[in-house]
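Source file input.txt; content: compact mmCIF, C-alpha atoms.
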```
# COMPACT_ATOMS: atom_id res chain seq x y z
CA MET A 1 -20.27 13.58 20.77
CA THR A 2 -23.59 14.24 19.02
CA ASN A 3 -23.27 17.99 19.56
CA GLN A 4 -19.72 17.94 18.23
CA TYR A 5 -20.89 15.97 15.20
CA ALA A 6 -23.76 18.42 14.55
CA GLU A 7 -21.31 21.32 14.77
CA ASN A 8 -18.91 19.68 12.34
CA VAL A 9 -21.65 19.01 9.81
CA ALA A 10 -22.94 22.59 10.12
CA LEU A 11 -19.38 23.85 9.63
CA GLU A 12 -18.99 21.73 6.48
CA LEU A 13 -22.30 23.09 5.13
CA ARG A 14 -21.23 26.69 5.74
CA ARG A 15 -17.78 26.11 4.27
CA GLY A 16 -19.40 25.19 0.97
CA VAL A 17 -21.07 28.59 0.62
CA ILE A 18 -18.17 30.83 1.67
CA VAL A 19 -16.79 31.08 -1.89
CA LEU A 20 -20.16 32.25 -3.18
CA ALA A 21 -20.62 34.60 -0.20
CA ALA A 22 -17.15 36.17 -0.64
CA LEU A 23 -17.51 36.60 -4.43
CA SER A 24 -20.95 38.16 -3.97
CA GLN A 25 -19.62 40.74 -1.47
CA LEU A 26 -16.49 41.73 -3.36
CA GLY A 27 -18.11 43.71 -6.19
CA GLU A 28 -16.47 46.61 -4.35
CA ALA A 29 -12.93 46.25 -3.01
CA GLN A 30 -12.69 45.28 0.67
CA TYR A 31 -9.86 44.26 2.93
CA GLY A 32 -10.03 40.92 4.74
CA TYR A 33 -11.24 42.10 8.11
CA SER A 34 -13.93 44.37 6.66
CA LEU A 35 -15.23 41.45 4.55
CA LEU A 36 -15.26 39.26 7.67
CA LYS A 37 -17.27 41.92 9.49
CA SER A 38 -19.73 42.48 6.69
CA LEU A 39 -20.34 38.74 6.29
CA SER A 40 -20.89 38.54 10.04
CA GLU A 41 -23.33 41.48 9.98
CA LEU A 42 -25.26 39.68 7.23
CA GLY A 43 -25.42 36.58 9.45
CA LEU A 44 -22.59 34.43 8.12
CA GLU A 45 -19.95 33.84 10.78
CA VAL A 46 -16.67 32.85 9.17
CA ASP A 47 -13.46 32.07 10.98
CA GLN A 48 -10.49 34.24 9.86
CA GLY A 49 -8.41 31.07 9.59
CA THR A 50 -10.82 29.97 6.87
CA LEU A 51 -11.48 33.28 5.12
CA TYR A 52 -7.95 34.65 4.61
CA PRO A 53 -6.44 31.52 3.03
CA LEU A 54 -9.60 31.19 0.92
CA LEU A 55 -9.22 34.73 -0.44
CA ARG A 56 -5.63 33.93 -1.43
CA ARG A 57 -6.75 30.74 -3.18
CA LEU A 58 -9.47 32.59 -5.08
CA GLU A 59 -6.88 35.12 -6.18
CA THR A 60 -4.55 32.34 -7.34
CA GLN A 61 -7.45 30.86 -9.31
CA GLY A 62 -7.99 34.25 -10.98
CA LEU A 63 -11.44 34.88 -9.47
CA LEU A 64 -10.24 37.78 -7.31
CA GLU A 65 -7.65 40.53 -7.68
CA SER A 66 -5.82 42.18 -4.83
CA VAL A 67 -3.82 45.30 -4.14
CA TRP A 68 -1.97 46.55 -1.05
CA LYS A 69 -2.95 50.06 0.08
CA ILE A 70 -1.45 52.11 2.89
CA GLU A 71 -4.21 53.34 5.18
CA GLU A 72 -3.93 54.83 8.64
CA ALA A 73 -0.16 54.30 8.51
CA ARG A 74 -0.43 50.57 7.91
CA PRO A 75 -0.84 48.36 4.86
CA ARG A 76 -4.08 46.59 4.04
CA ARG A 77 -4.73 44.16 1.22
CA TYR A 78 -7.88 44.95 -0.72
CA TYR A 79 -9.62 42.21 -2.65
CA VAL A 80 -12.06 42.75 -5.54
CA ILE A 81 -13.82 40.35 -7.89
CA SER A 82 -12.01 39.87 -11.21
CA ALA A 83 -13.51 39.60 -14.72
CA ALA A 84 -13.37 35.79 -14.48
CA GLY A 85 -15.04 35.96 -11.07
CA LYS A 86 -17.80 38.19 -12.46
CA LYS A 87 -18.38 35.64 -15.21
CA LEU A 88 -18.56 32.76 -12.74
CA LEU A 89 -20.79 34.44 -10.16
CA PRO A 90 -24.16 34.18 -12.03
CA ARG A 91 -23.52 30.47 -12.66
CA LEU A 92 -22.80 29.89 -8.99
CA LYS A 93 -25.96 31.84 -8.08
CA ASN A 94 -28.05 29.62 -10.37
CA GLU A 95 -26.44 26.55 -8.85
CA TRP A 96 -27.24 27.86 -5.39
CA ASP A 97 -30.87 28.57 -6.34
CA SER A 98 -31.34 25.06 -7.63
CA ILE A 99 -29.72 23.55 -4.52
CA VAL A 100 -32.04 25.60 -2.30
CA ALA A 101 -35.10 24.60 -4.36
CA VAL A 102 -34.16 20.91 -4.24
CA MET A 103 -33.41 20.94 -0.53
CA LYS A 104 -36.63 22.83 0.25
CA LYS A 105 -38.56 20.10 -1.56
CA MET A 106 -36.64 17.41 0.28
CA LEU A 107 -36.99 18.93 3.70
CA ALA A 108 -40.64 20.03 3.34
CA MET B 1 10.07 42.22 20.34
CA ASN B 2 6.33 42.64 20.86
CA LEU B 3 3.75 39.86 20.93
CA ILE B 4 2.48 40.47 17.40
CA ASP B 5 6.00 40.23 15.96
CA ARG B 6 6.61 36.99 17.83
CA TYR B 7 3.26 35.59 16.74
CA VAL B 8 3.75 36.49 13.07
CA ARG B 9 7.31 35.14 13.06
CA GLU B 10 6.16 31.86 14.62
CA ILE B 11 3.60 31.43 11.84
CA GLY B 12 6.15 32.43 9.19
CA ARG B 13 8.59 29.77 10.36
CA LYS B 14 6.11 27.11 9.28
CA LEU B 15 5.43 28.63 5.86
CA PRO B 16 7.34 28.15 2.60
CA GLN B 17 9.91 30.83 1.82
CA LYS B 18 8.12 31.90 -1.36
CA THR B 19 4.90 33.09 0.26
CA ARG B 20 6.16 33.74 3.80
CA ALA B 21 6.64 37.52 3.68
CA ASP B 22 3.30 38.15 1.98
CA ILE B 23 1.30 35.96 4.37
CA GLU B 24 3.10 37.43 7.39
CA LYS B 25 2.19 40.94 6.19
CA GLU B 26 -1.43 39.90 5.69
CA ILE B 27 -1.74 38.29 9.14
CA ARG B 28 -0.15 41.30 10.84
CA SER B 29 -2.59 43.59 9.06
CA ALA B 30 -5.56 41.39 10.04
CA VAL B 31 -4.47 41.22 13.71
CA GLU B 32 -4.07 44.99 13.83
CA ASP B 33 -7.54 45.44 12.32
CA MET B 34 -8.96 43.13 14.99
CA LEU B 35 -7.17 45.03 17.74
CA GLU B 36 -8.41 48.38 16.44
CA ASP B 37 -11.96 47.06 16.33
CA ARG B 38 -11.67 45.59 19.83
CA SER B 39 -10.23 48.83 21.18
CA LYS B 40 -13.14 50.85 19.75
CA LYS B 41 -15.69 48.40 21.13
CA GLU B 42 -14.20 48.32 24.62
CA GLY B 43 -13.44 52.05 24.65
CA ARG B 44 -9.85 51.65 25.84
CA ALA B 45 -6.36 51.65 24.36
CA VAL B 46 -4.72 48.49 23.08
CA ASP B 47 -2.71 46.80 25.82
CA GLU B 48 -0.92 43.51 26.28
CA GLU B 49 -3.97 41.77 27.74
CA MET B 50 -6.09 42.75 24.72
CA THR B 51 -3.33 41.65 22.34
CA VAL B 52 -3.11 38.26 24.05
CA ALA B 53 -6.90 37.82 23.78
CA VAL B 54 -6.91 38.75 20.07
CA LEU B 55 -3.98 36.48 19.24
CA LYS B 56 -5.63 33.61 21.10
CA GLU B 57 -8.78 34.24 19.09
CA TYR B 58 -6.80 34.33 15.85
CA GLY B 59 -5.53 30.86 16.62
CA ASN B 60 -2.58 28.66 17.35
CA PRO B 61 0.33 29.61 15.04
CA ALA B 62 0.74 26.03 13.80
CA LYS B 63 -2.97 25.84 12.93
CA VAL B 64 -2.97 29.23 11.21
CA ALA B 65 0.13 28.29 9.15
CA ALA B 66 -1.45 24.94 8.24
CA SER B 67 -4.54 26.74 6.89
CA TYR B 68 -2.33 28.39 4.25
CA LEU B 69 -0.68 25.16 3.20
CA PRO B 70 -2.00 22.46 0.92
CA GLU B 71 -2.34 19.02 2.52
CA ARG B 72 1.07 17.44 2.45
CA TYR B 73 1.80 13.74 2.34
CA LEU B 74 4.87 11.62 2.54
CA ILE B 75 2.93 9.15 0.39
CA GLY B 76 -0.41 10.50 -0.83
CA PRO B 77 -3.71 8.65 -1.14
CA GLN B 78 -3.28 8.19 -4.91
CA LEU B 79 0.12 6.56 -4.50
CA PHE B 80 -0.70 4.62 -1.35
CA PRO B 81 -2.36 1.52 -2.93
CA THR B 82 0.69 0.99 -5.19
CA PHE B 83 3.02 1.55 -2.24
CA TRP B 84 1.13 -0.98 -0.14
CA MET B 85 1.11 -3.55 -2.94
CA VAL B 86 4.91 -3.22 -3.33
CA VAL B 87 5.40 -3.55 0.45
CA GLN B 88 3.31 -6.73 0.51
CA ILE B 89 5.16 -8.27 -2.46
CA VAL B 90 8.61 -7.44 -1.04
CA PHE B 91 7.66 -8.70 2.43
CA ALA B 92 6.24 -11.93 0.95
CA VAL B 93 9.42 -12.52 -1.07
CA LEU B 94 11.67 -11.77 1.94
CA THR B 95 9.57 -14.02 4.16
CA GLY B 96 9.71 -16.85 1.59
CA LEU B 97 13.49 -16.49 1.31
CA ALA B 98 13.85 -16.41 5.10
CA ILE B 99 11.77 -19.59 5.50
CA VAL B 100 13.82 -21.37 2.83
CA GLY B 101 17.06 -20.11 4.40
CA LEU B 102 15.95 -21.17 7.87
CA GLY B 103 14.87 -24.60 6.60
CA LEU B 104 18.19 -25.11 4.87
CA HIS B 105 20.06 -23.91 7.92
CA VAL B 106 18.25 -26.26 10.31
CA ALA B 107 18.38 -29.18 7.86
CA GLY B 108 22.04 -28.68 7.06
CA GLY B 109 23.11 -27.59 10.55
CA SER B 110 25.76 -29.62 12.23
CA GLY B 111 26.92 -29.59 15.81
CA ALA B 112 24.91 -29.23 18.98
CA PRO B 113 21.22 -28.32 18.58
CA VAL B 114 21.82 -25.27 20.79
CA ASN B 115 24.23 -23.88 18.21
CA VAL B 116 21.86 -24.62 15.33
CA TRP B 117 18.91 -22.89 17.00
CA GLY B 118 21.09 -20.11 18.36
CA SER B 119 22.19 -19.14 14.89
CA ALA B 120 18.63 -19.67 13.66
CA PHE B 121 17.59 -16.86 16.02
CA GLU B 122 20.38 -14.80 14.53
CA LEU B 123 18.85 -15.45 11.10
CA LEU B 124 15.49 -14.36 12.46
CA GLY B 125 17.06 -11.12 13.67
CA GLN B 126 18.58 -10.58 10.24
CA TYR B 127 15.16 -11.24 8.70
CA PHE B 128 13.49 -8.52 10.80
CA SER B 129 16.25 -6.00 10.17
CA GLY B 130 15.98 -6.90 6.46
CA LEU B 131 12.23 -6.19 6.59
CA MET B 132 12.84 -2.84 8.24
CA ALA B 133 15.53 -1.87 5.73
CA ALA B 134 13.32 -2.91 2.81
CA PHE B 135 10.39 -0.95 4.25
CA GLY B 136 12.58 2.12 4.73
CA ASN B 137 13.85 1.95 1.17
CA ILE B 138 10.37 1.52 -0.28
CA VAL B 139 9.07 4.47 1.75
CA LEU B 140 12.04 6.55 0.57
CA VAL B 141 11.44 5.73 -3.10
CA PHE B 142 7.71 6.43 -2.86
CA ALA B 143 8.29 9.62 -0.88
CA LEU B 144 10.64 10.82 -3.64
CA ILE B 145 8.02 9.97 -6.28
CA GLN B 146 5.43 11.84 -4.21
CA ARG B 147 7.73 14.84 -3.83
CA PHE B 148 8.98 15.16 -7.38
CA ALA B 149 6.18 13.64 -9.41
CA ALA B 150 3.19 14.80 -7.37
CA GLY B 151 1.52 16.02 -10.57
CA TRP B 152 1.38 12.52 -12.04
CA GLU B 153 -2.02 11.02 -12.40
CA PHE B 154 -1.41 7.56 -11.05
CA THR B 155 -4.92 6.41 -11.79
CA GLY B 156 -4.58 8.06 -15.22
CA THR B 157 -7.20 10.44 -16.56
CA ASP B 158 -7.19 8.61 -19.90
CA GLU B 159 -7.87 5.34 -18.17
CA GLU B 160 -10.74 7.01 -16.37
CA LYS B 161 -12.16 8.24 -19.65
CA ASP B 162 -11.94 4.79 -21.25
CA TRP B 163 -13.06 2.93 -18.17
CA ASN B 164 -15.68 0.33 -18.92
CA PRO B 165 -17.51 -1.86 -16.37
CA ARG B 166 -17.48 -4.70 -18.93
CA ASP B 167 -13.67 -4.82 -18.76
CA LEU B 168 -13.64 -5.54 -15.04
CA PRO B 169 -12.15 -8.93 -14.13
CA ASP B 170 -14.48 -11.70 -12.98
CA VAL B 171 -15.06 -12.11 -9.28
CA GLU B 172 -12.54 -14.67 -8.12
CA ASP B 173 -14.25 -17.94 -7.29
CA ALA B 174 -11.96 -19.92 -5.01
CA ASP B 175 -14.16 -23.01 -5.35
CA GLN B 176 -14.07 -23.23 -9.15
CA VAL B 177 -11.86 -25.95 -10.67
CA SER B 178 -9.97 -25.25 -13.89
CA ALA B 179 -10.56 -28.20 -16.22
CA ALA B 180 -7.46 -27.55 -18.35
CA GLY B 181 -5.16 -27.35 -15.33
CA THR B 182 -6.64 -30.48 -13.78
CA ILE B 183 -6.33 -32.51 -17.01
CA ALA B 184 -2.73 -31.36 -17.47
CA GLU B 185 -1.94 -32.45 -13.91
CA ILE B 186 -3.49 -35.89 -14.51
CA VAL B 187 -1.39 -36.35 -17.67
CA PHE B 188 1.86 -35.35 -15.90
CA LEU B 189 1.09 -37.57 -12.89
CA ALA B 190 0.42 -40.54 -15.20
CA LEU B 191 3.66 -39.92 -17.10
CA GLY B 192 5.55 -39.61 -13.80
CA LEU B 193 4.06 -42.82 -12.42
CA ILE B 194 4.97 -44.76 -15.61
CA LEU B 195 8.51 -43.30 -15.77
CA PHE B 196 9.39 -43.92 -12.11
CA ASN B 197 7.76 -47.36 -11.86
CA VAL B 198 8.37 -48.92 -15.27
CA TYR B 199 11.50 -47.19 -16.58
CA PRO B 200 13.46 -46.08 -13.50
CA GLN B 201 16.68 -47.27 -15.13
CA TYR B 202 16.41 -44.47 -17.70
CA ILE B 203 16.32 -41.62 -15.16
CA GLY B 204 19.82 -40.21 -15.11
CA ILE B 205 22.39 -38.10 -16.85
CA TYR B 206 23.41 -38.98 -20.36
CA GLY B 207 26.76 -38.03 -21.88
CA PHE B 208 27.74 -38.27 -25.50
CA THR B 209 31.48 -38.02 -26.11
CA ASP B 210 33.98 -39.20 -28.69
CA GLN B 211 34.81 -42.23 -26.55
CA GLY B 212 31.20 -43.37 -26.58
CA ASN B 213 27.91 -42.74 -24.76
CA PHE B 214 27.76 -42.67 -21.00
CA PHE B 215 24.99 -42.84 -18.48
CA THR B 216 24.88 -42.37 -14.75
CA PRO B 217 21.68 -42.72 -12.68
CA LEU B 218 20.38 -39.54 -11.05
CA PHE B 219 18.65 -41.10 -8.03
CA SER B 220 20.06 -43.42 -5.39
CA GLN B 221 18.63 -46.65 -4.04
CA ALA B 222 17.46 -44.62 -1.01
CA PHE B 223 15.24 -42.57 -3.30
CA PHE B 224 13.61 -45.64 -4.81
CA SER B 225 12.85 -46.96 -1.33
CA TYR B 226 10.34 -44.07 -1.10
CA MET B 227 8.52 -45.28 -4.24
CA PRO B 228 5.55 -46.86 -2.41
CA TRP B 229 4.88 -43.51 -0.71
CA ILE B 230 5.39 -41.56 -3.93
CA ASN B 231 2.99 -43.93 -5.71
CA LEU B 232 0.44 -43.57 -2.90
CA LEU B 233 0.55 -39.75 -2.98
CA TRP B 234 0.55 -39.44 -6.77
CA GLY B 235 -2.21 -42.05 -7.01
CA LEU B 236 -4.32 -40.17 -4.48
CA GLN B 237 -3.63 -36.88 -6.30
CA MET B 238 -4.77 -38.47 -9.58
CA ALA B 239 -7.91 -39.83 -7.96
CA LEU B 240 -8.60 -36.38 -6.46
CA ASN B 241 -8.13 -34.70 -9.85
CA ILE B 242 -10.51 -37.13 -11.56
CA TRP B 243 -13.06 -36.47 -8.79
CA LEU B 244 -12.60 -32.70 -9.19
CA LEU B 245 -13.04 -32.99 -12.94
CA GLN B 246 -16.42 -34.62 -12.33
CA GLN B 247 -17.50 -32.17 -9.64
CA ARG B 248 -15.98 -29.05 -11.28
CA ARG B 249 -15.99 -27.40 -7.85
CA TRP B 250 -14.02 -27.77 -4.67
CA GLN B 251 -16.03 -29.20 -1.79
CA ALA B 252 -15.22 -29.91 1.84
CA GLY B 253 -14.33 -33.57 1.16
CA SER B 254 -12.02 -32.82 -1.79
CA ARG B 255 -10.38 -30.00 0.16
CA ILE B 256 -9.69 -32.27 3.14
CA LEU B 257 -8.21 -34.94 0.83
CA SER B 258 -6.07 -32.31 -0.89
CA ILE B 259 -4.77 -31.00 2.48
CA ALA B 260 -3.97 -34.59 3.53
CA ILE B 261 -2.04 -35.20 0.28
CA LYS B 262 -0.12 -31.93 0.77
CA ALA B 263 0.71 -32.92 4.36
CA GLY B 264 1.90 -36.33 3.10
CA GLY B 265 4.03 -34.58 0.46
CA ILE B 266 5.60 -32.32 3.10
CA GLY B 267 6.38 -35.37 5.26
CA LEU B 268 7.92 -37.21 2.32
CA ALA B 269 10.04 -34.23 1.25
CA TYR B 270 11.18 -33.79 4.85
CA ALA B 271 12.14 -37.48 5.10
CA MET B 272 14.13 -37.16 1.85
CA LEU B 273 15.83 -34.01 3.14
CA MET B 274 16.82 -35.57 6.46
CA GLY B 275 17.44 -39.15 5.34
CA PRO B 276 20.25 -40.64 3.27
CA SER B 277 21.02 -38.83 0.04
CA ILE B 278 18.47 -39.43 -2.69
CA LEU B 279 21.09 -38.59 -5.31
CA GLY B 280 22.67 -41.49 -7.15
CA LEU B 281 25.07 -39.16 -8.85
CA THR B 282 28.44 -39.44 -7.12
CA PRO B 283 31.70 -37.69 -8.01
CA GLU B 284 33.23 -41.14 -8.53
CA ALA B 285 30.56 -42.03 -11.09
CA LEU B 286 31.15 -38.73 -12.88
CA VAL B 287 34.91 -39.39 -13.07
CA LYS B 288 34.52 -43.02 -14.09
CA GLU B 289 31.60 -42.81 -16.47
CA MET B 290 31.81 -39.32 -17.89
CA ASP B 291 35.49 -38.58 -17.97
CA PHE B 292 35.34 -35.63 -15.57
CA THR B 293 38.43 -34.47 -13.69
CA PRO B 294 38.05 -35.24 -9.94
CA ASP B 295 37.80 -31.51 -9.06
CA ALA B 296 35.12 -30.80 -11.66
CA ALA B 297 33.23 -33.90 -10.61
CA GLN B 298 33.28 -32.82 -6.96
CA THR B 299 32.02 -29.35 -7.84
CA LEU B 300 29.27 -30.60 -10.15
CA ALA B 301 28.08 -33.25 -7.68
CA ALA B 302 28.03 -30.71 -4.84
CA LEU B 303 26.10 -28.27 -7.03
CA ILE B 304 23.49 -30.85 -7.98
CA ALA B 305 23.18 -31.90 -4.32
CA GLN B 306 22.51 -28.26 -3.39
CA VAL B 307 19.92 -27.92 -6.13
CA VAL B 308 18.12 -31.05 -4.91
CA LYS B 309 18.25 -29.80 -1.31
CA TRP B 310 16.78 -26.44 -2.30
CA ALA B 311 14.13 -28.12 -4.44
CA LEU B 312 13.03 -30.20 -1.42
CA VAL B 313 12.93 -27.13 0.86
CA ILE B 314 10.93 -25.20 -1.73
CA ALA B 315 8.59 -28.21 -2.06
CA ILE B 316 8.06 -28.15 1.73
CA VAL B 317 7.39 -24.37 1.78
CA ALA B 318 5.10 -24.47 -1.27
CA GLY B 319 3.28 -27.52 0.12
CA ALA B 320 2.78 -25.77 3.46
CA ALA B 321 1.50 -22.62 1.71
CA ASP B 322 -0.94 -24.71 -0.37
CA ALA B 323 -2.11 -26.62 2.71
CA ILE B 324 -2.69 -23.35 4.63
CA LYS B 325 -4.60 -21.94 1.65
CA GLY B 326 -6.67 -25.13 1.59
CA VAL B 327 -7.48 -24.83 5.31
CA VAL B 328 -8.47 -21.17 4.87
CA ASN B 329 -10.71 -21.98 1.90
CA LEU B 330 -12.21 -24.89 3.82
CA ALA B 331 -12.98 -22.64 6.81
CA ARG B 332 -14.35 -19.94 4.51
CA GLY B 333 -16.56 -22.45 2.72
CA LYS B 334 -17.86 -23.78 6.03
CA SER B 335 -18.58 -20.32 7.42
CA ALA B 336 -20.34 -19.37 4.15
CA ALA B 337 -22.44 -22.54 4.37
CA ALA B 338 -23.26 -21.78 8.00
CA ALA B 339 -24.33 -18.23 7.07
CA ALA B 340 -26.56 -19.44 4.22
```
So that I can check it, write out the structure of this file as structure tokens.
Amino acid sequence: MTNQYAENVALELRRGVIVLAALSQLGEAQYGYSLLKSLSELGLEVDQGTLYPLLRRLETQGLLESVWKIEEARPRRYYVISAAGKKLLPRLKNEWDSIVAVMKKMLA
Amino acid sequence: MNLIDRYVREIGRKLPQKTRADIEKEIRSAVEDMLEDRSKKEGRAVDEEMTVAVLKEYGNPAKVAASYLPERYLIGPQLFPTFWMVVQIVFAVLTGLAIVGLGLHVAGGSGAPVNVWGSAFELLGQYFSGLMAAFGNIVLVFALIQRFAAGWEFTGTDEEKDWNPRDLPDVEDADQVSAAGTIAEIVFLALGLILFNVYPQYIGIYGFTDQGNFFTPLFSQAFFSYMPWINLLWGLQMALNIWLLQQRRWQAGSRILSIAIKAGGIGLAYAMLMGPSILGLTPEALVKEMDFTPDAAQTLAALIAQVVKWALVIAIVAGAADAIKGVVNLARGKSAAAAA
């Protein structure tokens, strides 16, 4: 019960940063699975059931753009940050910095 | 059809038509990427076992489809408080009507008691099916509002902007006594006591016609035989109101007295309902005194008798509701005192 609760809270914490993580990694176009892999290599494990719908939502909100490309005889959707996303990213970074600073103080 | 096709189709079946093809294409592409990666890692060709493992990892089709959908409600959290309020009001009204109907049925029932109670159970059955039908209709209406007016702001953004803590209503104080209401009740009780005790001969129906003025008393001798009890209850109610006016708050003693008066009132109304008619107005009097045709007189007298019957049943129900409220407030007051 306690372990399950700890996992759920950790999951909620991570979920909050996925938008920032995805926007920060999509300066260059990537398809979903390659983004998933690169986030994982950087240490952020994200479930595909979370990442793919999130990318679609960000595109609907105008923060990402996407295009289908045929590669190795099969289609892949490439996502890249849009102009609106580029404008938002520094603000989100600042917000993140201040959250980290506050939490560091709190947890010291 | 291979496993990936079946998997993608199963997810697609749970998605809206508009986005289905696009999401299916995306999921297929992602699964194939995963398989390619797995095949490279394990150094072997993609086979059915590997496909099963990857699809299991990707997730249950229902769960995957749900992740692409917004949360859907039959009645959403914004609408739910209004929905619940309407359900409570409708149920209260239906319950009140059922109690009145049941009271009337039992009071007016003729024949063997078995028949009276048998059909009372039938009424109870109708009451429950009525509740279910009402609930179904309310759910349907709210579900339609949810479906077609989901964009409405039921709490209202403007209201939120103008919201002011100073405008919040006062916390309800069940023990506080309203002076105006209590004084008004004393005045009406005094007027009632004077009218029924000093001028009972003037309580009736007056008619003014070309042939002259007519009068027929409204209440029968049977009604006036209850006068000592009416006087006792009204007198006690007046005394209670004067006491409350001094105290300005309900206390255990005044609550107990009030419950006793309500119980007495219920008993009196029940006696009037079951006993001889309290109406002095007879069809004969209407024909003789007021020049009615016999048919019209019958109809009018029957109508007035029904009104009086209903009024007594409503008095019993309202009295019972007040008494229950009094008991609840008394218990609440006692538990609050015990906690303090």
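Atom CA of Gln247 of chain B sits 17.1 Å away from atom CA of Gly326 of chain B.
Using all atoms listed in the file for every distance, the candidate list A:Pro53, A:Gly27, A:Pro75, A:Gly43 yields A:Pro75 as the residue closest to Lys25 of chain B.
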Kindly determine which residues of chain A lie within 9 Å of chain B, considering only C-alpha atoms, and give the answer as number ranges by chain.
A: 31-34, 47-50, 52-54, 56-57, 74-77
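Interatomic distance, atom CA of Ala143 of chain B to atom CA of Ile89 of chain B: 18.2 Å.
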Contacts of segment 17-19 of chain A at 12 Å (only C-alpha atoms; same-chain gap of 4+ positions) as a ChimeraX atom specification
/A:10-13,23-26,35-36,39-40,44-48,50-59,61,63-64,81,85,88-89,92-93,95-96,99-100
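Using only C-alpha atoms, the protein and nucleic acid residues lying no more than 8 Å from Ala263 of chain B, apart from those fewer than 5 places from it along its own chain, are Gly319, Ala320 and Ala323 of chain B.
The environment of Ser39 of chain B within 12 Å, counting only C-alpha atoms and disregarding residues fewer than 4 places along the same chain, consists of Glu32, Asp33, Met34, Leu35, Gly43, Arg44, Ala45, Val46, Asp47, Glu48, Glu49, Met50, Thr51, Ala53 and Val54 of chain B.
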Grab the atom CA of Lys87 of chain A to atom CA of Lys104 of chain A distance for me, in Å with one decimal place.
27.1 Å
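Checking B:Ile316, B:Met227, B:Ala285, B:Ala302 one by one against Ile205 of chain B, counting only C-alpha atoms, you find the shortest gap at B:Ala285.
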Within 12 Å of segment 215-221 of chain B using all atoms listed in the file, minus same-chain residues under 4 positions, as a PyMOL selection string:
chain B and resi 196+199-209+225-227+272+275-291+301+304-305+308
Coords for segment 16-38 of chain B, C-alpha atoms, as a short mmCIF file (atom, residue, chain, number, x, y, z; two decimals), in the first residue's frame:
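File written: decode.cif
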```
data_model
loop_
_atom_site.label_atom_id
_atom_site.label_comp_id
_atom_site.auth_asym_id
_atom_site.auth_seq_id
_atom_site.Cartn_x
_atom_site.Cartn_y
_atom_site.Cartn_z
CA PRO B 16 -13.90 8.59 -32.22
CA GLN B 17 -14.24 8.35 -35.99
CA LYS B 18 -12.59 11.73 -36.54
CA THR B 19 -9.18 10.86 -35.11
CA ARG B 20 -9.29 7.06 -35.46
CA ALA B 21 -7.26 6.60 -38.64
CA ASP B 22 -4.53 9.01 -37.55
CA ILE B 23 -4.11 7.49 -34.09
CA GLU B 24 -4.17 3.96 -35.51
CA LYS B 25 -1.38 4.92 -37.94
CA GLU B 26 0.64 6.45 -35.11
CA ILE B 27 0.27 3.42 -32.83
CA ARG B 28 1.19 1.02 -35.63
CA SER B 29 4.30 3.08 -36.36
CA ALA B 30 5.26 3.16 -32.66
CA VAL B 31 4.78 -0.61 -32.25
CA GLU B 32 6.90 -1.29 -35.33
CA ASP B 33 9.63 1.00 -33.98
CA MET B 34 9.57 -0.92 -30.69
CA LEU B 35 9.76 -4.25 -32.51
CA GLU B 36 12.68 -3.08 -34.64
CA ASP B 37 14.52 -1.90 -31.55
CA ARG B 38 13.80 -5.16 -29.71
#
```
